[in-house]
$ cat query10.pdb   # PDB, C-alpha atoms, pLDDT in the B column
ATOM      1  CA  MET A   1      -2.537 -48.908  23.925  1.00 48.00           C
ATOM      2  CA  GLU A   2      -5.271 -51.203  22.826  1.00 49.00           C
ATOM      3  CA  ARG A   3      -6.682 -51.422  19.323  1.00 47.00           C
ATOM      4  CA  ALA A   4      -9.833 -49.302  19.104  1.00 51.00           C
ATOM      5  CA  THR A   5     -12.960 -51.415  18.718  1.00 57.00           C
ATOM      6  CA  ALA A   6     -15.518 -48.643  19.144  1.00 71.00           C
ATOM      7  CA  PRO A   7     -15.441 -44.858  18.873  1.00 80.00           C
ATOM      8  CA  LEU A   8     -14.711 -42.688  21.879  1.00 87.00           C
ATOM      9  CA  ASP A   9     -17.637 -40.912  23.512  1.00 86.00           C
ATOM     10  CA  ALA A  10     -17.580 -37.461  25.109  1.00 85.00           C
ATOM     11  CA  THR A  11     -13.931 -36.658  24.345  1.00 92.00           C
ATOM     12  CA  ARG A  12     -12.832 -33.653  26.398  1.00 94.00           C
ATOM     13  CA  ALA A  13      -9.511 -31.784  26.569  1.00 95.00           C
ATOM     14  CA  VAL A  14      -7.999 -30.898  29.917  1.00 95.00           C
ATOM     15  CA  GLY A  15      -5.061 -28.902  28.524  1.00 94.00           C
ATOM     16  CA  ARG A  16      -1.768 -28.994  26.647  1.00 94.00           C
ATOM     17  CA  LEU A  17       1.487 -30.510  27.794  1.00 90.00           C
ATOM     18  CA  GLY A  18       3.716 -27.491  27.280  1.00 83.00           C
ATOM     19  CA  ASP A  19       3.426 -24.574  24.916  1.00 82.00           C
ATOM     20  CA  GLY A  20       2.143 -25.901  21.616  1.00 81.00           C
ATOM     21  CA  GLY A  21       2.461 -29.491  22.816  1.00 85.00           C
ATOM     22  CA  PRO A  22      -0.115 -32.241  22.419  1.00 92.00           C
ATOM     23  CA  TRP A  23      -3.380 -31.820  24.247  1.00 95.00           C
ATOM     24  CA  ILE A  24      -4.509 -34.360  26.805  1.00 96.00           C
ATOM     25  CA  GLY A  25      -7.917 -35.216  28.044  1.00 96.00           C
ATOM     26  CA  PHE A  26     -10.364 -38.027  28.506  1.00 96.00           C
ATOM     27  CA  GLY A  27     -13.141 -39.869  26.775  1.00 94.00           C
ATOM     28  CA  TYR A  28     -15.122 -43.035  27.326  1.00 93.00           C
ATOM     29  CA  ARG A  29     -15.348 -46.319  25.460  1.00 92.00           C
ATOM     30  CA  ALA A  30     -17.753 -49.041  26.570  1.00 88.00           C
ATOM     31  CA  GLY A  31     -18.243 -47.202  29.883  1.00 87.00           C
ATOM     32  CA  ALA A  32     -14.524 -47.141  30.687  1.00 90.00           C
ATOM     33  CA  CYS A  33     -12.572 -43.917  31.018  1.00 93.00           C
ATOM     34  CA  ARG A  34      -9.719 -43.476  28.538  1.00 95.00           C
ATOM     35  CA  MET A  35      -6.839 -40.994  28.479  1.00 96.00           C
ATOM     36  CA  VAL A  36      -6.831 -39.132  25.179  1.00 96.00           C
ATOM     37  CA  LEU A  37      -3.825 -37.502  23.535  1.00 95.00           C
ATOM     38  CA  GLY A  38      -4.321 -35.127  20.626  1.00 92.00           C
ATOM     39  CA  THR A  39      -1.290 -34.806  18.377  1.00 89.00           C
ATOM     40  CA  ALA A  40      -0.651 -33.272  14.972  1.00 86.00           C
ATOM     41  CA  ASP A  41      -1.102 -36.780  13.539  1.00 85.00           C
ATOM     42  CA  GLY A  42      -4.453 -37.496  15.183  1.00 87.00           C
ATOM     43  CA  VAL A  43      -5.958 -38.649  18.457  1.00 90.00           C
ATOM     44  CA  LEU A  44      -4.556 -41.533  20.514  1.00 93.00           C
ATOM     45  CA  ASP A  45      -6.256 -43.116  23.497  1.00 94.00           C
ATOM     46  CA  SER A  46      -5.282 -45.562  26.202  1.00 94.00           C
ATOM     47  CA  GLY A  47      -6.856 -47.079  29.299  1.00 93.00           C
ATOM     48  CA  ALA A  48      -6.896 -44.809  32.328  1.00 93.00           C
ATOM     49  CA  ASP A  49      -6.864 -46.280  35.816  1.00 92.00           C
ATOM     50  CA  ALA A  50      -8.187 -44.273  38.766  1.00 91.00           C
ATOM     51  CA  ASP A  51      -4.824 -42.605  39.467  1.00 91.00           C
ATOM     52  CA  LEU A  52      -4.348 -41.489  35.878  1.00 93.00           C
ATOM     53  CA  THR A  53      -7.930 -40.227  35.751  1.00 94.00           C
ATOM     54  CA  LEU A  54      -7.353 -38.331  39.006  1.00 94.00           C
ATOM     55  CA  ALA A  55      -4.163 -36.836  37.542  1.00 95.00           C
ATOM     56  CA  LEU A  56      -6.199 -35.450  34.627  1.00 96.00           C
ATOM     57  CA  ALA A  57      -8.654 -33.785  37.007  1.00 96.00           C
ATOM     58  CA  ILE A  58      -5.894 -32.509  39.321  1.00 95.00           C
ATOM     59  CA  ALA A  59      -3.952 -30.963  36.431  1.00 95.00           C
ATOM     60  CA  HIS A  60      -7.103 -29.198  35.264  1.00 94.00           C
ATOM     61  CA  PHE A  61      -8.110 -27.786  38.641  1.00 95.00           C
ATOM     62  CA  ALA A  62      -4.544 -26.854  39.591  1.00 94.00           C
ATOM     63  CA  GLY A  63      -4.265 -24.853  36.370  1.00 93.00           C
ATOM     64  CA  ALA A  64      -1.073 -26.769  35.604  1.00 93.00           C
ATOM     65  CA  LEU A  65      -1.596 -27.084  31.839  1.00 93.00           C
ATOM     66  CA  GLU A  66      -1.834 -24.705  28.918  1.00 90.00           C
ATOM     67  CA  GLY A  67      -5.291 -24.337  27.372  1.00 88.00           C
ATOM     68  CA  GLY A  68      -6.494 -27.127  25.135  1.00 87.00           C
ATOM     69  CA  PRO A  69      -8.490 -26.881  21.910  1.00 90.00           C
ATOM     70  CA  PRO A  70     -11.684 -24.887  22.582  1.00 91.00           C
ATOM     71  CA  ASP A  71     -13.862 -27.332  20.626  1.00 90.00           C
ATOM     72  CA  PHE A  72     -13.016 -30.088  23.113  1.00 90.00           C
ATOM     73  CA  GLU A  73     -12.464 -28.070  26.297  1.00 93.00           C
ATOM     74  CA  ALA A  74     -13.705 -29.833  29.460  1.00 94.00           C
ATOM     75  CA  THR A  75     -16.374 -28.030  31.474  1.00 92.00           C
ATOM     76  CA  GLN A  76     -17.127 -28.187  35.198  1.00 89.00           C
ATOM     77  CA  SER A  77     -19.953 -30.564  34.351  1.00 92.00           C
ATOM     78  CA  ASP A  78     -17.594 -32.848  32.388  1.00 94.00           C
ATOM     79  CA  LEU A  79     -15.136 -32.952  35.279  1.00 93.00           C
ATOM     80  CA  SER A  80     -17.892 -33.583  37.808  1.00 93.00           C
ATOM     81  CA  ALA A  81     -19.031 -36.532  35.672  1.00 93.00           C
ATOM     82  CA  LEU A  82     -15.428 -37.774  35.467  1.00 94.00           C
ATOM     83  CA  VAL A  83     -15.020 -37.755  39.250  1.00 94.00           C
ATOM     84  CA  SER A  84     -18.493 -39.265  39.658  1.00 94.00           C
ATOM     85  CA  HIS A  85     -17.332 -42.105  37.393  1.00 92.00           C
ATOM     86  CA  LEU A  86     -14.422 -42.668  39.805  1.00 94.00           C
ATOM     87  CA  VAL A  87     -16.704 -42.607  42.846  1.00 94.00           C
ATOM     88  CA  ARG A  88     -18.974 -45.284  41.379  1.00 93.00           C
ATOM     89  CA  ALA A  89     -16.026 -47.555  40.547  1.00 92.00           C
ATOM     90  CA  GLU A  90     -14.116 -47.133  43.822  1.00 92.00           C
ATOM     91  CA  VAL A  91     -14.292 -50.091  46.230  1.00 94.00           C
ATOM     92  CA  ASP A  92     -12.222 -48.617  49.085  1.00 92.00           C
ATOM     93  CA  PRO A  93     -14.688 -46.760  51.352  1.00 94.00           C
ATOM     94  CA  VAL A  94     -12.131 -44.176  52.518  1.00 93.00           C
ATOM     95  CA  ARG A  95     -11.028 -43.327  49.008  1.00 92.00           C
ATOM     96  CA  ARG A  96     -14.649 -43.278  47.814  1.00 94.00           C
ATOM     97  CA  ALA A  97     -15.478 -40.763  50.572  1.00 95.00           C
ATOM     98  CA  LEU A  98     -12.512 -38.563  49.581  1.00 94.00           C
ATOM     99  CA  LEU A  99     -13.608 -38.677  45.947  1.00 95.00           C
ATOM    100  CA  GLY A 100     -17.146 -37.785  47.026  1.00 94.00           C
ATOM    101  CA  GLU A 101     -15.808 -34.729  48.865  1.00 95.00           C
ATOM    102  CA  ALA A 102     -13.904 -33.683  45.746  1.00 94.00           C
ATOM    103  CA  MET A 103     -17.019 -34.129  43.618  1.00 92.00           C
ATOM    104  CA  ASP A 104     -19.010 -31.987  46.063  1.00 93.00           C
ATOM    105  CA  ALA A 105     -16.289 -29.312  45.874  1.00 94.00           C
ATOM    106  CA  ILE A 106     -16.548 -29.293  42.070  1.00 93.00           C
ATOM    107  CA  ASP A 107     -20.342 -29.127  42.170  1.00 91.00           C
ATOM    108  CA  ASP A 108     -20.216 -26.339  44.789  1.00 93.00           C
ATOM    109  CA  GLY A 109     -17.919 -24.298  42.524  1.00 92.00           C
ATOM    110  CA  LEU A 110     -14.998 -24.122  44.941  1.00 93.00           C
ATOM    111  CA  ALA A 111     -11.772 -22.568  43.697  1.00 95.00           C
ATOM    112  CA  GLY A 112      -9.626 -24.809  41.498  1.00 94.00           C
ATOM    113  CA  ASP A 113      -6.792 -25.110  44.019  1.00 94.00           C
ATOM    114  CA  ALA A 114      -9.229 -26.246  46.739  1.00 95.00           C
ATOM    115  CA  VAL A 115     -10.671 -28.892  44.419  1.00 95.00           C
ATOM    116  CA  ALA A 116      -7.157 -30.001  43.391  1.00 95.00           C
ATOM    117  CA  GLU A 117      -6.235 -30.479  47.076  1.00 94.00           C
ATOM    118  CA  LYS A 118      -9.273 -32.690  47.653  1.00 94.00           C
ATOM    119  CA  LEU A 119      -8.446 -34.725  44.540  1.00 95.00           C
ATOM    120  CA  GLU A 120      -4.810 -35.060  45.680  1.00 92.00           C
ATOM    121  CA  ALA A 121      -6.027 -36.502  48.992  1.00 92.00           C
ATOM    122  CA  ALA A 122      -7.753 -39.316  47.056  1.00 91.00           C
ATOM    123  CA  ARG A 123      -4.614 -40.408  45.180  1.00 89.00           C
ATOM    124  CA  SER A 124      -3.123 -43.827  45.887  1.00 81.00           C
ATOM    125  CA  PRO A 125      -0.260 -43.759  48.391  1.00 76.00           C
ATOM    126  CA  ARG A 126       1.950 -45.530  45.855  1.00 68.00           C
ATOM    127  CA  ILE A 127       1.598 -42.645  43.421  1.00 57.00           C
ATOM    128  CA  ASP A 128       1.846 -39.601  45.773  1.00 55.00           C
ATOM    129  CA  SER A 129       5.474 -38.938  45.013  1.00 71.00           C
ATOM    130  CA  VAL A 130       4.823 -38.522  41.285  1.00 82.00           C
ATOM    131  CA  ASP A 131       3.407 -35.126  40.384  1.00 89.00           C
ATOM    132  CA  ALA A 132       0.103 -35.373  38.480  1.00 91.00           C
ATOM    133  CA  VAL A 133       1.480 -33.536  35.430  1.00 92.00           C
ATOM    134  CA  GLU A 134       4.600 -35.709  35.376  1.00 93.00           C
ATOM    135  CA  LEU A 135       2.416 -38.832  35.514  1.00 92.00           C
ATOM    136  CA  LEU A 136       0.417 -37.517  32.545  1.00 94.00           C
ATOM    137  CA  SER A 137       3.603 -36.627  30.662  1.00 93.00           C
ATOM    138  CA  MET A 138       5.035 -40.101  31.212  1.00 93.00           C
ATOM    139  CA  LYS A 139       1.823 -41.715  29.969  1.00 94.00           C
ATOM    140  CA  ALA A 140       1.732 -39.396  26.928  1.00 94.00           C
ATOM    141  CA  ARG A 141       5.295 -40.397  26.001  1.00 93.00           C
ATOM    142  CA  GLU A 142       4.314 -44.079  26.302  1.00 93.00           C
ATOM    143  CA  MET A 143       1.296 -43.500  24.086  1.00 93.00           C
ATOM    144  CA  VAL A 144       3.342 -41.749  21.376  1.00 90.00           C
ATOM    145  CA  ALA A 145       6.057 -44.421  21.523  1.00 89.00           C
ATOM    146  CA  GLY A 146       3.428 -47.168  21.171  1.00 83.00           C
ATOM    147  CA  ALA A 147       1.630 -45.526  18.243  1.00 73.00           C
TER
END

$ encode --input "query10.pdb" --output "structure tokens"
Amino acid sequence: MERATAPLDATRAVGRLGDGGPWIGFGYRAGACRMVLGTADGVLDSGADADLTLALAIAHFAGALEGGPPDFEATQSDLSALVSHLVRAEVDPVRRALLGEAMDAIDDGLAGDAVAEKLEAARSPRIDSVDAVELLSMKAREMVAGA
């Protein structure tokens, strides 16, 4: 985790890691996406690469997490903007096209599992074997340990 130099913008919750566990989500600082972890002691944030950002969106659309705090709950529009952020930053044309398809699926209102499948297709080959929720859980543990 880096020391915060500016406040987070547009913080949104994707869900909770387990029943009553911390909530996870995303926000932006200086145009960069950040993973956000809401604990009883406050909010932590850390840099989020494309795979971690994808894991947040996949977990949401797969319905793999418990509900997060309603005041921060991510909307379809928030998640479309999150994936759009990934599309703009992606340099690999194949992955950018896959992300574009996922963004279109979100904007078209396709079922969550269909969107999750399209997002899964855009994951890096090196990360496929790690379930999206497990990746988020590992990162959350790192964030808490580093706090």

$ closest_residue --input "query10.pdb" --among "A:Val115, A:Ile24, A:Ala10, A:Ala30" --to "Gly68 (chain A)" --atoms "all atoms listed in the file"
A:Ile24

$ resolve_selection --input "query10.pdb" --expression "the PyMOL selection byres ((chain A and resi 106) around 12)" --output "PyMOL selection string"
chain A and resi 57-58+60-61+75-84+99-105+107-119

$ atom_distance --input "query10.pdb" --atom1 "CA of Ala59 (chain A)" --atom2 "CA of Ala6 (chain A)"
27.3 Å

$ atom_distance --input "query10.pdb" --atom1 "CA of Gly20 (chain A)" --atom2 "CA of Met138 (chain A)"
17.4 Å

$ resolve_selection --input "query10.pdb" --expression "the PyMOL selection byres ((chain A and resi 132) around 9)" --output "list in words"
Asp51, Leu52, Leu54, Ala55, Leu56, Ile58, Ala59, Glu120, Ile127, Asp128, Val130, Asp131, Val133, Glu134, Leu135, Leu136 and Ser137 of chain A

$ atom_distance --input "query10.pdb" --atom1 "CA of Ala74 (chain A)" --atom2 "CA of Ala48 (chain A)"
16.7 Å

$ residues_around --input "query10.pdb" --residues "Ala140 (chain A)" --least-positions-apart "4" --cutoff "10 Å" --atoms "only C-alpha atoms" --output "count of residues only"
17

$ closest_residue --input "query10.pdb" --among "A:Ala122, A:Cys33, A:Ala147, A:Ala13" --to "Leu98 (chain A)" --atoms "only C-alpha atoms"
A:Ala122

$ closest_residue --input "query10.pdb" --among "A:Val14, A:Asp19, A:Met143, A:Pro7" --to "Asp71 (chain A)" --atoms "only C-alpha atoms"
A:Val14

$ closest_residue --input "query10.pdb" --among "A:Gly42, A:Gly15, A:Pro93, A:Gly27" --to "Glu73 (chain A)" --atoms "only C-alpha atoms"
A:Gly15

$ closest_residue --input "query10.pdb" --among "A:Leu65, A:Ala50, A:Ala97, A:Leu86" --to "Ser124 (chain A)" --atoms "all atoms listed in the file"
A:Ala50

$ closest_residue --input "query10.pdb" --among "A:Arg16, A:Arg123, A:Arg34, A:Lys139" --to "Glu66 (chain A)" --atoms "all atoms listed in the file"
A:Arg16

$ decode --input "query10.pdb" --residues "chain A" --atoms "C-alpha atoms" --output "mmCIF file, in the first residue's frame"
data_model
loop_
_atom_site.group_PDB
_atom_site.id
_atom_site.type_symbol
_atom_site.label_atom_id
_atom_site.label_comp_id
_atom_site.auth_asym_id
_atom_site.auth_seq_id
_atom_site.Cartn_x
_atom_site.Cartn_y
_atom_site.Cartn_z
ATOM 1 C CA MET A 1 0.000 0.000 0.000
ATOM 2 C CA GLU A 2 1.150 3.463 -0.801
ATOM 3 C CA ARG A 3 0.756 6.483 1.441
ATOM 4 C CA ALA A 4 -2.345 8.425 0.399
ATOM 5 C CA THR A 5 -1.483 11.767 -1.176
ATOM 6 C CA ALA A 6 -4.966 12.696 -2.366
ATOM 7 C CA PRO A 7 -8.487 11.585 -1.484
ATOM 8 C CA LEU A 8 -10.172 8.750 -3.327
ATOM 9 C CA ASP A 9 -12.819 9.651 -5.888
ATOM 10 C CA ALA A 10 -15.979 7.682 -6.660
ATOM 11 C CA THR A 11 -15.465 4.942 -4.059
ATOM 12 C CA ARG A 12 -17.829 2.051 -4.772
ATOM 13 C CA ALA A 13 -18.400 -1.255 -2.957
ATOM 14 C CA VAL A 14 -18.598 -4.485 -4.909
ATOM 15 C CA GLY A 15 -19.468 -6.709 -1.933
ATOM 16 C CA ARG A 16 -18.274 -8.303 1.293
ATOM 17 C CA LEU A 17 -15.675 -11.003 1.696
ATOM 18 C CA GLY A 18 -17.726 -13.448 3.734
ATOM 19 C CA ASP A 19 -20.625 -12.898 6.074
ATOM 20 C CA GLY A 20 -19.932 -9.736 8.028
ATOM 21 C CA GLY A 21 -16.428 -9.487 6.584
ATOM 22 C CA PRO A 22 -14.776 -6.374 5.191
ATOM 23 C CA TRP A 23 -16.270 -4.880 2.074
ATOM 24 C CA ILE A 24 -14.219 -4.528 -1.079
ATOM 25 C CA GLY A 25 -14.585 -2.210 -3.973
ATOM 26 C CA PHE A 26 -12.806 0.370 -6.043
ATOM 27 C CA GLY A 27 -12.113 4.055 -6.254
ATOM 28 C CA TYR A 28 -9.836 6.330 -8.224
ATOM 29 C CA ARG A 29 -6.898 8.521 -7.281
ATOM 30 C CA ALA A 30 -5.169 10.699 -9.868
ATOM 31 C CA GLY A 31 -6.966 8.773 -12.635
ATOM 32 C CA ALA A 32 -5.687 5.388 -11.453
ATOM 33 C CA CYS A 33 -8.004 2.655 -10.238
ATOM 34 C CA ARG A 34 -7.482 1.558 -6.631
ATOM 35 C CA MET A 35 -8.788 -1.472 -4.742
ATOM 36 C CA VAL A 36 -10.622 -0.335 -1.627
ATOM 37 C CA LEU A 37 -11.133 -2.366 1.537
ATOM 38 C CA GLY A 38 -13.613 -1.198 4.151
ATOM 39 C CA THR A 39 -12.909 -2.519 7.630
ATOM 40 C CA ALA A 40 -14.216 -1.723 11.096
ATOM 41 C CA ASP A 41 -11.135 0.488 11.522
ATOM 42 C CA GLY A 42 -11.601 2.504 8.335
ATOM 43 C CA VAL A 43 -10.959 2.343 4.610
ATOM 44 C CA LEU A 44 -7.708 1.063 3.091
ATOM 45 C CA ASP A 45 -6.742 1.344 -0.553
ATOM 46 C CA SER A 46 -4.032 -0.074 -2.767
ATOM 47 C CA GLY A 47 -3.080 0.027 -6.435
ATOM 48 C CA ALA A 48 -5.129 -2.242 -8.665
ATOM 49 C CA ASP A 49 -3.641 -3.632 -11.856
ATOM 50 C CA ALA A 50 -5.901 -4.762 -14.703
ATOM 51 C CA ASP A 51 -6.254 -8.316 -13.351
ATOM 52 C CA LEU A 52 -7.233 -7.163 -9.877
ATOM 53 C CA THR A 53 -9.680 -4.660 -11.352
ATOM 54 C CA LEU A 54 -11.156 -7.418 -13.528
ATOM 55 C CA ALA A 55 -11.472 -9.647 -10.448
ATOM 56 C CA LEU A 56 -13.570 -6.944 -8.757
ATOM 57 C CA ALA A 57 -15.925 -6.773 -11.739
ATOM 58 C CA ILE A 58 -16.077 -10.570 -12.125
ATOM 59 C CA ALA A 59 -16.922 -11.080 -8.445
ATOM 60 C CA HIS A 60 -19.717 -8.531 -8.738
ATOM 61 C CA PHE A 61 -21.297 -9.947 -11.886
ATOM 62 C CA ALA A 62 -20.882 -13.561 -10.765
ATOM 63 C CA GLY A 63 -22.748 -12.724 -7.559
ATOM 64 C CA ALA A 64 -19.852 -14.246 -5.625
ATOM 65 C CA LEU A 65 -19.850 -11.760 -2.732
ATOM 66 C CA GLU A 66 -22.244 -10.791 0.022
ATOM 67 C CA GLY A 67 -23.852 -7.360 -0.327
ATOM 68 C CA GLY A 68 -21.732 -4.358 0.524
ATOM 69 C CA PRO A 69 -22.759 -1.166 2.313
ATOM 70 C CA PRO A 70 -25.732 0.382 0.470
ATOM 71 C CA ASP A 71 -24.269 3.900 0.653
ATOM 72 C CA PHE A 72 -21.322 2.795 -1.489
ATOM 73 C CA GLU A 73 -22.923 0.055 -3.597
ATOM 74 C CA ALA A 74 -21.621 -0.065 -7.194
ATOM 75 C CA THR A 75 -24.190 0.425 -9.949
ATOM 76 C CA GLN A 76 -24.203 -0.880 -13.520
ATOM 77 C CA SER A 77 -23.001 2.548 -14.595
ATOM 78 C CA ASP A 78 -20.089 2.428 -12.117
ATOM 79 C CA LEU A 79 -19.041 -0.999 -13.368
ATOM 80 C CA SER A 80 -19.351 0.056 -16.998
ATOM 81 C CA ALA A 81 -17.056 3.005 -16.226
ATOM 82 C CA LEU A 82 -14.629 0.652 -14.455
ATOM 83 C CA VAL A 83 -14.394 -1.659 -17.469
ATOM 84 C CA SER A 84 -14.195 1.351 -19.794
ATOM 85 C CA HIS A 85 -11.195 2.513 -17.746
ATOM 86 C CA LEU A 86 -9.572 -0.877 -18.439
ATOM 87 C CA VAL A 87 -10.347 -0.683 -22.157
ATOM 88 C CA ARG A 88 -8.686 2.725 -22.474
ATOM 89 C CA ALA A 89 -5.546 1.542 -20.663
ATOM 90 C CA GLU A 90 -5.172 -1.818 -22.430
ATOM 91 C CA VAL A 91 -2.399 -2.009 -25.047
ATOM 92 C CA ASP A 92 -2.965 -5.607 -26.206
ATOM 93 C CA PRO A 93 -5.507 -5.428 -29.065
ATOM 94 C CA VAL A 94 -6.987 -8.875 -28.363
ATOM 95 C CA ARG A 95 -7.493 -8.178 -24.686
ATOM 96 C CA ARG A 96 -8.851 -4.701 -25.469
ATOM 97 C CA ALA A 97 -11.416 -6.282 -27.824
ATOM 98 C CA LEU A 98 -12.455 -8.802 -25.143
ATOM 99 C CA LEU A 99 -12.840 -5.995 -22.615
ATOM 100 C CA GLY A 100 -14.892 -4.041 -25.154
ATOM 101 C CA GLU A 101 -17.225 -7.025 -25.557
ATOM 102 C CA ALA A 102 -17.621 -7.227 -21.782
ATOM 103 C CA MET A 103 -18.365 -3.507 -21.597
ATOM 104 C CA ASP A 104 -20.999 -3.887 -24.325
ATOM 105 C CA ALA A 105 -22.547 -6.783 -22.373
ATOM 106 C CA ILE A 106 -22.766 -4.591 -19.261
ATOM 107 C CA ASP A 107 -24.257 -1.692 -21.212
ATOM 108 C CA ASP A 108 -26.744 -4.042 -22.927
ATOM 109 C CA GLY A 109 -27.907 -5.316 -19.522
ATOM 110 C CA LEU A 110 -26.972 -8.950 -20.094
ATOM 111 C CA ALA A 111 -27.323 -11.341 -17.172
ATOM 112 C CA GLY A 112 -24.533 -11.182 -14.592
ATOM 113 C CA ASP A 113 -23.179 -14.651 -15.373
ATOM 114 C CA ALA A 114 -22.898 -13.789 -19.089
ATOM 115 C CA VAL A 115 -20.999 -10.600 -18.263
ATOM 116 C CA ALA A 116 -18.752 -12.493 -15.813
ATOM 117 C CA GLU A 117 -17.873 -15.003 -18.568
ATOM 118 C CA LYS A 118 -16.860 -12.205 -20.933
ATOM 119 C CA LEU A 119 -14.756 -10.588 -18.200
ATOM 120 C CA GLU A 120 -13.126 -13.957 -17.411
ATOM 121 C CA ALA A 121 -12.112 -14.276 -21.071
ATOM 122 C CA ALA A 122 -10.145 -11.010 -20.740
ATOM 123 C CA ARG A 123 -8.070 -12.167 -17.754
ATOM 124 C CA SER A 124 -4.326 -12.641 -18.166
ATOM 125 C CA PRO A 125 -3.307 -16.240 -18.858
ATOM 126 C CA ARG A 126 -0.944 -16.104 -15.883
ATOM 127 C CA ILE A 127 -3.836 -15.458 -13.519
ATOM 128 C CA ASP A 128 -6.527 -17.845 -14.904
ATOM 129 C CA SER A 129 -5.890 -20.527 -12.339
ATOM 130 C CA VAL A 130 -6.615 -18.190 -9.423
ATOM 131 C CA ASP A 131 -10.318 -17.665 -8.812
ATOM 132 C CA ALA A 132 -11.308 -13.976 -8.880
ATOM 133 C CA VAL A 133 -12.627 -14.045 -5.299
ATOM 134 C CA GLU A 134 -9.495 -15.803 -4.048
ATOM 135 C CA LEU A 135 -7.342 -13.163 -5.761
ATOM 136 C CA LEU A 136 -9.363 -10.440 -4.019
ATOM 137 C CA SER A 137 -9.125 -12.255 -0.682
ATOM 138 C CA MET A 138 -5.355 -12.583 -0.998
ATOM 139 C CA LYS A 139 -5.014 -8.882 -1.804
ATOM 140 C CA ALA A 140 -7.303 -7.946 1.114
ATOM 141 C CA ARG A 141 -5.136 -9.965 3.520
ATOM 142 C CA GLU A 142 -2.030 -8.188 2.177
ATOM 143 C CA MET A 143 -3.701 -4.820 2.652
ATOM 144 C CA VAL A 144 -4.694 -5.572 6.263
ATOM 145 C CA ALA A 145 -1.233 -6.955 7.060
ATOM 146 C CA GLY A 146 0.398 -3.826 5.602
ATOM 147 C CA ALA A 147 -1.856 -1.386 7.464
#
